[in-house]
Structure formats: C-alpha cells, structure tokens
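Undergrad: Mind looking over this structure? Questions follow.
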Number of protein chains: 2
Amino acid sequence: MFFSIGDLARRTGVKVPTIRYYEQRGLLDAPLRSAGNQRRYGQAELERLRFIRHARDLGFSLGAISGLIELQDHPDRSCETATRIAQDQLDAVRQKIRRLRALEAELARITDGCTGAGVSRECYVLASLADHELCEHDHAPVDGV
Amino acid sequence: MFFSIGDLARRTGVKVPTIRYYEQRGLLDAPLRSAGNQRRYGQAELERLRFIRHARDLGFSLGAISGLIELQDHPDRSCETATRIAQDQLDAVRQKIRRLRALEAELARITDGCTGAGVSRECYVLASLADHELCEHDHAPVDGV
DNA sequence: GTAATCTCTCTAGCGACTAGAGCTTCAAGA
DNA sequence: TCTTGAAGCTCTAGTCGCTAGAGAGATTAC
C-alpha cells in the first residue's frame, strides 16, 4: 500500500533527489513518514508525480505545472487557464523549432565548407564564426540549445 | 583606438556584465586598464568578442567556444577539432529539432482536444497529462524547452 | 566645478536539477 | 537476535550562462 521514495522513483522514472526537490518546491505535498522519518507514498502521490513527469517531458516549466496542478485540485474551475498554459507551451515550442531550423541551416553550411583536413588558419568553420558576413541568414540566439 | 567596456558592448551587442563574465571565464584575455582601473579594449578584443557572440548565437557552449578560440590562436594546427565541434553542435541541434517536433505534435493534439470552455474536471489537457496512455507518441525530455 | 553617466568589485539569484558529506533507518539473511 | 549493506535522511554546494544589485570610484560633458 505505501512505498518508499526509491519505489516511487522506480515507478515514475523520476530520480530520488528530484522527488525531494519537487516536494521542496511545493509541487508535491509533504508525504507521510515512517516511524524512522522516511517518506511513505501512496497511489495519489504516484499519480501526481506521473502527471508532473509527463508535463516536464512536454517541456512545461515547474511554474506552469504548479498552475496545472492547482486546476486539477479544483475540478469545478474553468479549464481556460490549462488550455492557455498548454497553448503558450505549444507556441514556445514552435518558436524554438523555427529558430533551431535557422541554426541548423547555418551550421550545416558551415560544416560543409570544411573537411577538417586542413589547417586552422584556413578553416571555414573558424572563418565563418569570425565573420558574420559569411552567413546566409540571421540567427537570433536560442536559449537552451 | 581604445574603447571602454560600454563601447564594446554597443559594438557587439553583448551586455557589459556578460563581457566581464567572459573575461572571468577565460574566454577573453584581461584587457589593458585606464589610469583609473577601467578596462580598455582594441580591435583584437572586438573581433574576438564578435566571434564569441556569433558562436553563442549558433548555440555553442562556452566550453566549445574555448576550444575554437584555442584553435584560432594556433593557426598551424589541424582544424579537425573545429570541424568536429561544429559537427557535434549540428548533431545536437538536429536531435533537439526532432524531439521538439514530437512535442509539438503531442501538444497540438492535446490543445486541440480542449476549447477551454469547459470545467477542469473534464479538461482534455489535464486528462492527457494525467494519463500517458492518451499520448500518440513517446516523447523523451528535451532540455531547455 | 559639478552633475550625470559609466565603471569597478563583489555577492547572490535564476531554473531544474545533481552531487556529495555525514548520519540514520530499514530489510534480509545467518 | 545480530549483522550487514542498501537505502534513506538533511544540508550545502555545484552546474550553465548569465543577470541584478550594492556601494564605491572614474570619466565626460557642460
């Protein structure tokens, strides 16, 4: 019926320190404790952690996940917020894909220009990085590349 | 001929604290100083910082950029390393695009399933996150989404 | 000369963990 | 029942690439 943090970790694929971190961040409620002060979890916590895991896999921030959990805990509220959070996440993902594609094109061009056989003085990779004029596209920074 | 850190920031689009951070990280050499201990930069530093900026925009890590700078400073070395660093970066970008596309598909499906008009108990967004079985694809975590 | 703007160093914070120290508890076998 | 080894506990600090702020000193334009 009740299981340890290690069991919970195995069942969800979330690492033990990460579970404790989620608890500290308030995403998981403080669980019951054994006589010796060890955490003991039940089905509800398992499901919540799976929810968090799934949302993290989809790229939601812990802040966004907090919002989603808040809604889950109040089943009578409008789900407008949930939809908006998900839509924002989708928009962010699409934006990131767009930027990464520009990067990919540029990087492919740069690496194609150099076999790696020569000497660094003549290296097209280094030359391209030194001189933005050699670029075909603009590429804005992408965080977390 | 010589300019301040603020001028350098304006000419490269890199923020002042970031320039100091790069110096601390060893990506930029410690520059000359004015009588009053302020940093004074010349053309060489400007070019190096533009190189760094450009590489950062393409998603290279500071560690990778260190490696590239090392090669730039030794023009007689083989550029194999540079090519490999760039190729690794390209691979990483492509990998990230692949994962983001899977996420995009899943998020689009999830958000399409909910108009936001209902109540959170019946919300398809929340249901999908709670139950991975509703997913059509596997989606591994992507760092930095 | 004075005021406004820069610049200096230093420390701390972000997000989402991850690693390690030093200790205690638990579960299984002898 | 005892022992042993794995697993758990709390706490602090580190990762990456910055960013923000405090409180001081330097520079520049008028």
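Residue numbers start at 1 in each chain; chains themselves are named A, B, ... in the order of the structure tokens; ligands are numbered from 1 in the order shown.
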Please list as a PyMOL selection string every residue within 9 Å of stretch 19-32 of chain B, counting only C-alpha atoms (C1' of nucleotides) and excluding residues in the same chain fewer than 3 positions away.
TA: (chain B and resi 5+8-9+14-16+37-42+45+48-49+52+62+65-66+69) or (chain D and resi 18)
Undergrad: Suppose we keep N, CA and C atoms (P, O5', C5', C4', C3', O3' and C1' of nucleotides); can you now write the selection as a compact mmCIF listing (two decimals), in the first residue's frame?
TA:
```txt
# COMPACT_ATOMS: atom_id res chain seq x y z
N ILE B 5 34.36 49.37 -21.96
CA ILE B 5 33.53 48.16 -21.96
C ILE B 5 32.12 48.46 -22.49
N LEU B 8 32.37 48.64 -26.23
CA LEU B 8 32.49 47.27 -26.74
C LEU B 8 31.13 46.58 -26.73
N ALA B 9 30.39 46.80 -25.66
CA ALA B 9 29.06 46.20 -25.54
C ALA B 9 28.17 46.69 -26.68
N VAL B 14 26.79 42.53 -26.98
CA VAL B 14 26.96 41.71 -25.78
C VAL B 14 26.89 42.64 -24.57
N LYS B 15 26.14 42.28 -23.58
CA LYS B 15 25.97 43.16 -22.43
C LYS B 15 27.24 43.28 -21.59
N VAL B 16 27.37 44.42 -20.94
CA VAL B 16 28.57 44.70 -20.15
C VAL B 16 28.88 43.59 -19.12
N ASN B 37 41.75 52.33 -13.60
CA ASN B 37 41.42 50.91 -13.49
C ASN B 37 40.22 50.45 -14.33
N GLN B 38 39.84 51.24 -15.33
CA GLN B 38 38.75 50.79 -16.19
C GLN B 38 39.30 50.05 -17.40
N ARG B 39 38.55 49.05 -17.86
CA ARG B 39 39.00 48.22 -18.98
C ARG B 39 39.04 49.03 -20.28
N ARG B 40 40.09 48.82 -21.05
CA ARG B 40 40.21 49.49 -22.35
C ARG B 40 40.50 48.44 -23.42
N TYR B 41 39.65 48.45 -24.45
CA TYR B 41 39.72 47.42 -25.47
C TYR B 41 40.18 47.97 -26.82
N GLY B 42 40.73 47.08 -27.65
CA GLY B 42 41.13 47.44 -29.00
C GLY B 42 40.45 46.54 -30.03
N GLU B 45 40.24 42.57 -29.43
CA GLU B 45 39.22 42.13 -28.47
C GLU B 45 37.83 42.22 -29.10
N ARG B 48 37.41 39.24 -31.30
CA ARG B 48 37.23 38.01 -30.53
C ARG B 48 35.83 37.95 -29.93
N LEU B 49 35.37 39.07 -29.43
CA LEU B 49 34.05 39.06 -28.82
C LEU B 49 32.96 38.82 -29.86
N ILE B 52 32.88 35.17 -30.41
CA ILE B 52 32.17 34.51 -29.30
C ILE B 52 30.66 34.69 -29.44
N LEU B 62 30.06 27.64 -23.97
CA LEU B 62 31.29 28.38 -23.71
C LEU B 62 32.50 27.45 -23.73
N ILE B 65 33.37 26.93 -27.28
CA ILE B 65 33.95 28.16 -27.81
C ILE B 65 35.41 28.31 -27.36
N SER B 66 35.69 27.92 -26.13
CA SER B 66 37.08 27.91 -25.67
C SER B 66 37.95 27.08 -26.61
N ILE B 69 38.51 28.91 -29.87
CA ILE B 69 39.45 30.02 -29.70
C ILE B 69 40.88 29.51 -29.61
P DC D 18 25.84 33.61 -22.21
O5' DC D 18 26.47 34.46 -21.03
C5' DC D 18 25.84 35.62 -20.51
C4' DC D 18 24.61 35.25 -19.71
C3' DC D 18 23.87 36.45 -19.19
O3' DC D 18 22.58 36.53 -19.78
C1' DC D 18 24.17 34.80 -17.48
```
Undergrad: As a PDB file with C-alpha atoms, in the first residue's frame, please: chain A after a least-squares superposition onto chain B using all C-alpha atoms matched in order.
TA:
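Output below, filename superposed_4.pdb:
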```pdb
ATOM      1  CA  MET A   1      41.538  53.606 -30.715  1.00  0.00           C
ATOM      2  CA  PHE A   2      40.687  52.226 -27.319  1.00  0.00           C
ATOM      3  CA  PHE A   3      37.172  51.991 -26.034  1.00  0.00           C
ATOM      4  CA  SER A   4      35.328  51.219 -22.846  1.00  0.00           C
ATOM      5  CA  ILE A   5      33.390  48.123 -21.908  1.00  0.00           C
ATOM      6  CA  GLY A   6      30.161  49.981 -22.634  1.00  0.00           C
ATOM      7  CA  ASP A   7      31.326  50.804 -26.150  1.00  0.00           C
ATOM      8  CA  LEU A   8      32.339  47.214 -26.673  1.00  0.00           C
ATOM      9  CA  ALA A   9      28.925  46.113 -25.476  1.00  0.00           C
ATOM     10  CA  ARG A  10      27.195  48.437 -27.932  1.00  0.00           C
ATOM     11  CA  ARG A  11      29.352  47.323 -30.846  1.00  0.00           C
ATOM     12  CA  THR A  12      28.847  43.620 -30.243  1.00  0.00           C
ATOM     13  CA  GLY A  13      25.410  43.384 -28.698  1.00  0.00           C
ATOM     14  CA  VAL A  14      26.884  41.555 -25.705  1.00  0.00           C
ATOM     15  CA  LYS A  15      25.880  42.983 -22.346  1.00  0.00           C
ATOM     16  CA  VAL A  16      28.451  44.549 -20.074  1.00  0.00           C
ATOM     17  CA  PRO A  17      28.190  41.992 -17.232  1.00  0.00           C
ATOM     18  CA  THR A  18      28.391  39.224 -19.794  1.00  0.00           C
ATOM     19  CA  ILE A  19      31.658  40.624 -21.137  1.00  0.00           C
ATOM     20  CA  ARG A  20      33.088  40.640 -17.630  1.00  0.00           C
ATOM     21  CA  TYR A  21      31.801  37.113 -17.165  1.00  0.00           C
ATOM     22  CA  TYR A  22      33.568  35.955 -20.332  1.00  0.00           C
ATOM     23  CA  GLU A  23      36.762  37.504 -19.082  1.00  0.00           C
ATOM     24  CA  GLN A  24      36.389  35.709 -15.771  1.00  0.00           C
ATOM     25  CA  ARG A  25      35.743  32.455 -17.615  1.00  0.00           C
ATOM     26  CA  GLY A  26      38.932  32.956 -19.608  1.00  0.00           C
ATOM     27  CA  LEU A  27      37.271  33.421 -22.995  1.00  0.00           C
ATOM     28  CA  LEU A  28      38.552  36.962 -23.211  1.00  0.00           C
ATOM     29  CA  ASP A  29      42.007  37.972 -22.068  1.00  0.00           C
ATOM     30  CA  ALA A  30      42.216  40.559 -19.313  1.00  0.00           C
ATOM     31  CA  PRO A  31      42.316  43.866 -21.194  1.00  0.00           C
ATOM     32  CA  LEU A  32      44.377  46.981 -20.598  1.00  0.00           C
ATOM     33  CA  ARG A  33      43.169  49.291 -17.878  1.00  0.00           C
ATOM     34  CA  SER A  34      42.802  53.055 -17.716  1.00  0.00           C
ATOM     35  CA  ALA A  35      44.582  55.038 -14.998  1.00  0.00           C
ATOM     36  CA  GLY A  36      41.386  54.678 -12.979  1.00  0.00           C
ATOM     37  CA  ASN A  37      41.265  50.887 -13.430  1.00  0.00           C
ATOM     38  CA  GLN A  38      38.605  50.754 -16.124  1.00  0.00           C
ATOM     39  CA  ARG A  39      38.862  48.230 -18.945  1.00  0.00           C
ATOM     40  CA  ARG A  40      40.070  49.519 -22.307  1.00  0.00           C
ATOM     41  CA  TYR A  41      39.584  47.452 -25.449  1.00  0.00           C
ATOM     42  CA  GLY A  42      40.984  47.510 -28.974  1.00  0.00           C
ATOM     43  CA  GLN A  43      40.166  45.966 -32.343  1.00  0.00           C
ATOM     44  CA  ALA A  44      41.449  42.506 -31.460  1.00  0.00           C
ATOM     45  CA  GLU A  45      39.141  42.175 -28.473  1.00  0.00           C
ATOM     46  CA  LEU A  46      36.241  43.454 -30.532  1.00  0.00           C
ATOM     47  CA  GLU A  47      36.796  40.758 -33.106  1.00  0.00           C
ATOM     48  CA  ARG A  48      37.194  38.047 -30.554  1.00  0.00           C
ATOM     49  CA  LEU A  49      34.003  39.047 -28.794  1.00  0.00           C
ATOM     50  CA  ARG A  50      32.134  39.070 -32.123  1.00  0.00           C
ATOM     51  CA  PHE A  51      33.427  35.575 -32.733  1.00  0.00           C
ATOM     52  CA  ILE A  52      32.173  34.458 -29.331  1.00  0.00           C
ATOM     53  CA  ARG A  53      28.847  36.145 -29.837  1.00  0.00           C
ATOM     54  CA  HIS A  54      28.369  34.514 -33.185  1.00  0.00           C
ATOM     55  CA  ALA A  55      29.282  31.098 -31.860  1.00  0.00           C
ATOM     56  CA  ARG A  56      26.923  31.555 -28.896  1.00  0.00           C
ATOM     57  CA  ASP A  57      24.128  32.514 -31.291  1.00  0.00           C
ATOM     58  CA  LEU A  58      24.763  29.249 -33.073  1.00  0.00           C
ATOM     59  CA  GLY A  59      24.388  27.452 -29.764  1.00  0.00           C
ATOM     60  CA  PHE A  60      27.986  26.495 -29.041  1.00  0.00           C
ATOM     61  CA  SER A  61      28.747  26.118 -25.351  1.00  0.00           C
ATOM     62  CA  LEU A  62      31.394  28.303 -23.752  1.00  0.00           C
ATOM     63  CA  GLY A  63      33.537  25.176 -23.415  1.00  0.00           C
ATOM     64  CA  ALA A  64      33.282  24.486 -27.133  1.00  0.00           C
ATOM     65  CA  ILE A  65      34.045  28.125 -27.881  1.00  0.00           C
ATOM     66  CA  SER A  66      37.172  27.896 -25.742  1.00  0.00           C
ATOM     67  CA  GLY A  67      38.301  25.056 -27.956  1.00  0.00           C
ATOM     68  CA  LEU A  68      37.615  27.049 -31.101  1.00  0.00           C
ATOM     69  CA  ILE A  69      39.500  30.077 -29.789  1.00  0.00           C
ATOM     70  CA  GLU A  70      42.423  27.867 -28.875  1.00  0.00           C
ATOM     71  CA  LEU A  71      42.567  26.799 -32.511  1.00  0.00           C
ATOM     72  CA  GLN A  72      42.259  30.340 -33.774  1.00  0.00           C
ATOM     73  CA  ASP A  73      45.268  31.236 -31.687  1.00  0.00           C
ATOM     74  CA  HIS A  74      47.302  28.467 -33.333  1.00  0.00           C
ATOM     75  CA  PRO A  75      46.765  28.862 -37.069  1.00  0.00           C
ATOM     76  CA  ASP A  76      49.141  26.022 -37.927  1.00  0.00           C
ATOM     77  CA  ARG A  77      47.203  23.329 -36.186  1.00  0.00           C
ATOM     78  CA  SER A  78      44.871  21.017 -38.015  1.00  0.00           C
ATOM     79  CA  CYS A  79      41.321  22.256 -38.088  1.00  0.00           C
ATOM     80  CA  GLU A  80      39.979  18.788 -37.511  1.00  0.00           C
ATOM     81  CA  THR A  81      38.923  19.692 -33.980  1.00  0.00           C
ATOM     82  CA  ALA A  82      37.018  22.747 -35.167  1.00  0.00           C
ATOM     83  CA  THR A  83      35.151  20.669 -37.709  1.00  0.00           C
ATOM     84  CA  ARG A  84      34.334  18.064 -35.126  1.00  0.00           C
ATOM     85  CA  ILE A  85      33.058  20.649 -32.635  1.00  0.00           C
ATOM     86  CA  ALA A  86      30.843  22.147 -35.319  1.00  0.00           C
ATOM     87  CA  GLN A  87      29.638  18.744 -36.455  1.00  0.00           C
ATOM     88  CA  ASP A  88      28.782  17.765 -32.874  1.00  0.00           C
ATOM     89  CA  GLN A  89      26.842  20.965 -32.503  1.00  0.00           C
ATOM     90  CA  LEU A  90      24.974  20.275 -35.720  1.00  0.00           C
ATOM     91  CA  ASP A  91      24.136  16.780 -34.522  1.00  0.00           C
ATOM     92  CA  ALA A  92      22.890  18.152 -31.210  1.00  0.00           C
ATOM     93  CA  VAL A  93      20.715  20.703 -32.976  1.00  0.00           C
ATOM     94  CA  ARG A  94      19.220  18.046 -35.243  1.00  0.00           C
ATOM     95  CA  GLN A  95      18.532  15.797 -32.285  1.00  0.00           C
ATOM     96  CA  LYS A  96      16.803  18.643 -30.496  1.00  0.00           C
ATOM     97  CA  ILE A  97      14.683  19.435 -33.525  1.00  0.00           C
ATOM     98  CA  ARG A  98      13.558  15.826 -33.741  1.00  0.00           C
ATOM     99  CA  ARG A  99      12.496  15.789 -30.118  1.00  0.00           C
ATOM    100  CA  LEU A 100      10.802  19.127 -30.324  1.00  0.00           C
ATOM    101  CA  ARG A 101       8.780  17.985 -33.294  1.00  0.00           C
ATOM    102  CA  ALA A 102       7.448  15.045 -31.327  1.00  0.00           C
ATOM    103  CA  LEU A 103       6.562  17.450 -28.532  1.00  0.00           C
ATOM    104  CA  GLU A 104       4.911  19.817 -30.931  1.00  0.00           C
ATOM    105  CA  ALA A 105       2.716  17.067 -32.335  1.00  0.00           C
ATOM    106  CA  GLU A 106       1.672  15.962 -28.888  1.00  0.00           C
ATOM    107  CA  LEU A 107       1.030  19.456 -27.597  1.00  0.00           C
ATOM    108  CA  ALA A 108      -0.960  20.351 -30.690  1.00  0.00           C
ATOM    109  CA  ARG A 109      -3.099  17.263 -30.229  1.00  0.00           C
ATOM    110  CA  ILE A 110      -3.647  18.053 -26.574  1.00  0.00           C
ATOM    111  CA  THR A 111      -4.548  21.692 -27.081  1.00  0.00           C
ATOM    112  CA  ASP A 112      -6.819  20.875 -29.992  1.00  0.00           C
ATOM    113  CA  GLY A 113      -8.782  18.594 -27.690  1.00  0.00           C
ATOM    114  CA  CYS A 114      -9.838  21.481 -25.472  1.00  0.00           C
ATOM    115  CA  THR A 115     -11.503  24.771 -26.300  1.00  0.00           C
ATOM    116  CA  GLY A 116     -10.912  26.195 -22.837  1.00  0.00           C
ATOM    117  CA  ALA A 117     -14.620  26.817 -22.493  1.00  0.00           C
ATOM    118  CA  GLY A 118     -15.327  23.968 -20.102  1.00  0.00           C
ATOM    119  CA  VAL A 119     -14.516  23.227 -16.529  1.00  0.00           C
ATOM    120  CA  SER A 120     -11.210  21.797 -15.381  1.00  0.00           C
ATOM    121  CA  ARG A 121     -12.744  18.456 -14.347  1.00  0.00           C
ATOM    122  CA  GLU A 122     -13.432  17.721 -18.000  1.00  0.00           C
ATOM    123  CA  CYS A 123     -10.351  19.416 -19.393  1.00  0.00           C
ATOM    124  CA  TYR A 124      -8.630  17.363 -22.055  1.00  0.00           C
ATOM    125  CA  VAL A 125      -5.347  19.116 -21.406  1.00  0.00           C
ATOM    126  CA  LEU A 126      -5.325  18.040 -17.784  1.00  0.00           C
ATOM    127  CA  ALA A 127      -6.604  14.577 -18.618  1.00  0.00           C
ATOM    128  CA  SER A 128      -3.878  14.068 -21.187  1.00  0.00           C
ATOM    129  CA  LEU A 129      -1.197  15.075 -18.759  1.00  0.00           C
ATOM    130  CA  ALA A 130      -2.605  12.817 -16.080  1.00  0.00           C
ATOM    131  CA  ASP A 131      -2.748   9.802 -18.353  1.00  0.00           C
ATOM    132  CA  HIS A 132       0.105   9.025 -20.663  1.00  0.00           C
ATOM    133  CA  GLU A 133      -2.080   6.420 -22.369  1.00  0.00           C
ATOM    134  CA  LEU A 134      -3.846   9.255 -24.130  1.00  0.00           C
ATOM    135  CA  CYS A 135      -0.597  10.083 -25.893  1.00  0.00           C
ATOM    136  CA  GLU A 136       0.038   9.018 -29.420  1.00  0.00           C
ATOM    137  CA  HIS A 137       3.788   9.174 -29.304  1.00  0.00           C
ATOM    138  CA  ASP A 138       6.531   8.634 -26.874  1.00  0.00           C
ATOM    139  CA  HIS A 139       8.230  11.844 -25.939  1.00  0.00           C
ATOM    140  CA  ALA A 140      11.516  11.821 -24.182  1.00  0.00           C
ATOM    141  CA  PRO A 141      12.517  14.843 -22.164  1.00  0.00           C
ATOM    142  CA  VAL A 142      14.293  17.607 -24.021  1.00  0.00           C
ATOM    143  CA  ASP A 143      16.547  19.790 -21.983  1.00  0.00           C
ATOM    144  CA  GLY A 144      16.117  23.465 -22.305  1.00  0.00           C
ATOM    145  CA  VAL A 145      12.651  23.557 -23.816  1.00  0.00           C
TER     146      VAL A 145
END
```
Undergrad: Which of stretch 22-138 of chain B end up as strand (DSSP E) when DSSP is run on this backbone - answer as number ranges by chain?
TA: B: 32-33, 39-40
Undergrad: Could you tell me how far atom C1' of C:DT18 sits from atom C1' of D:DT4, in Å to one decimal place?
TA: 28.5 Å
Undergrad: Need to verify the contact set: D:DT12, 12 Å, only C-alpha atoms (C1' of nucleotides), exclusion of same-chain residues closer than 5 positions in sequence. Can you return it as JSON, numbers by chain?
TA: {"C": [19, 20, 21, 22]}
Undergrad: Create the file for the chosen residues now, containing C-alpha atoms (C1' of nucleotides) and written as a PDB file, in the first residue's frame.
TA:
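In the end it all went to again.pdb:
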```
ATOM      1  C1'  DA C  19      26.463  15.536  -6.272  1.00  0.00           C
ATOM      2  C1'  DG C  20      28.395  14.757  -2.023  1.00  0.00           C
ATOM      3  C1'  DA C  21      29.143  14.591   3.160  1.00  0.00           C
ATOM      4  C1'  DG C  22      27.919  12.571   7.228  1.00  0.00           C
TER       5       DG C  22
END
```
Undergrad: My list of candidates is C:DC23, C:DA3, C:DA30, C:DC8. Which is closest to D:DT3 when distances are computed with only C-alpha atoms (C1' of nucleotides)?
TA: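 Checking each of C:DC23, C:DA3, C:DA30, C:DC8 against D:DT3, counting only C-alpha atoms (C1' of nucleotides), the winner is C:DA30.
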Undergrad: Of the candidates D:DT19, D:DG25, D:DC30, D:DA6, which shows the shortest atom-to-atom distance to chain A, using only C-alpha atoms (C1' of nucleotides)?
TA: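 Going through D:DT19, D:DG25, D:DC30, D:DA6 one by one, the smallest distance to chain A is for D:DA6.
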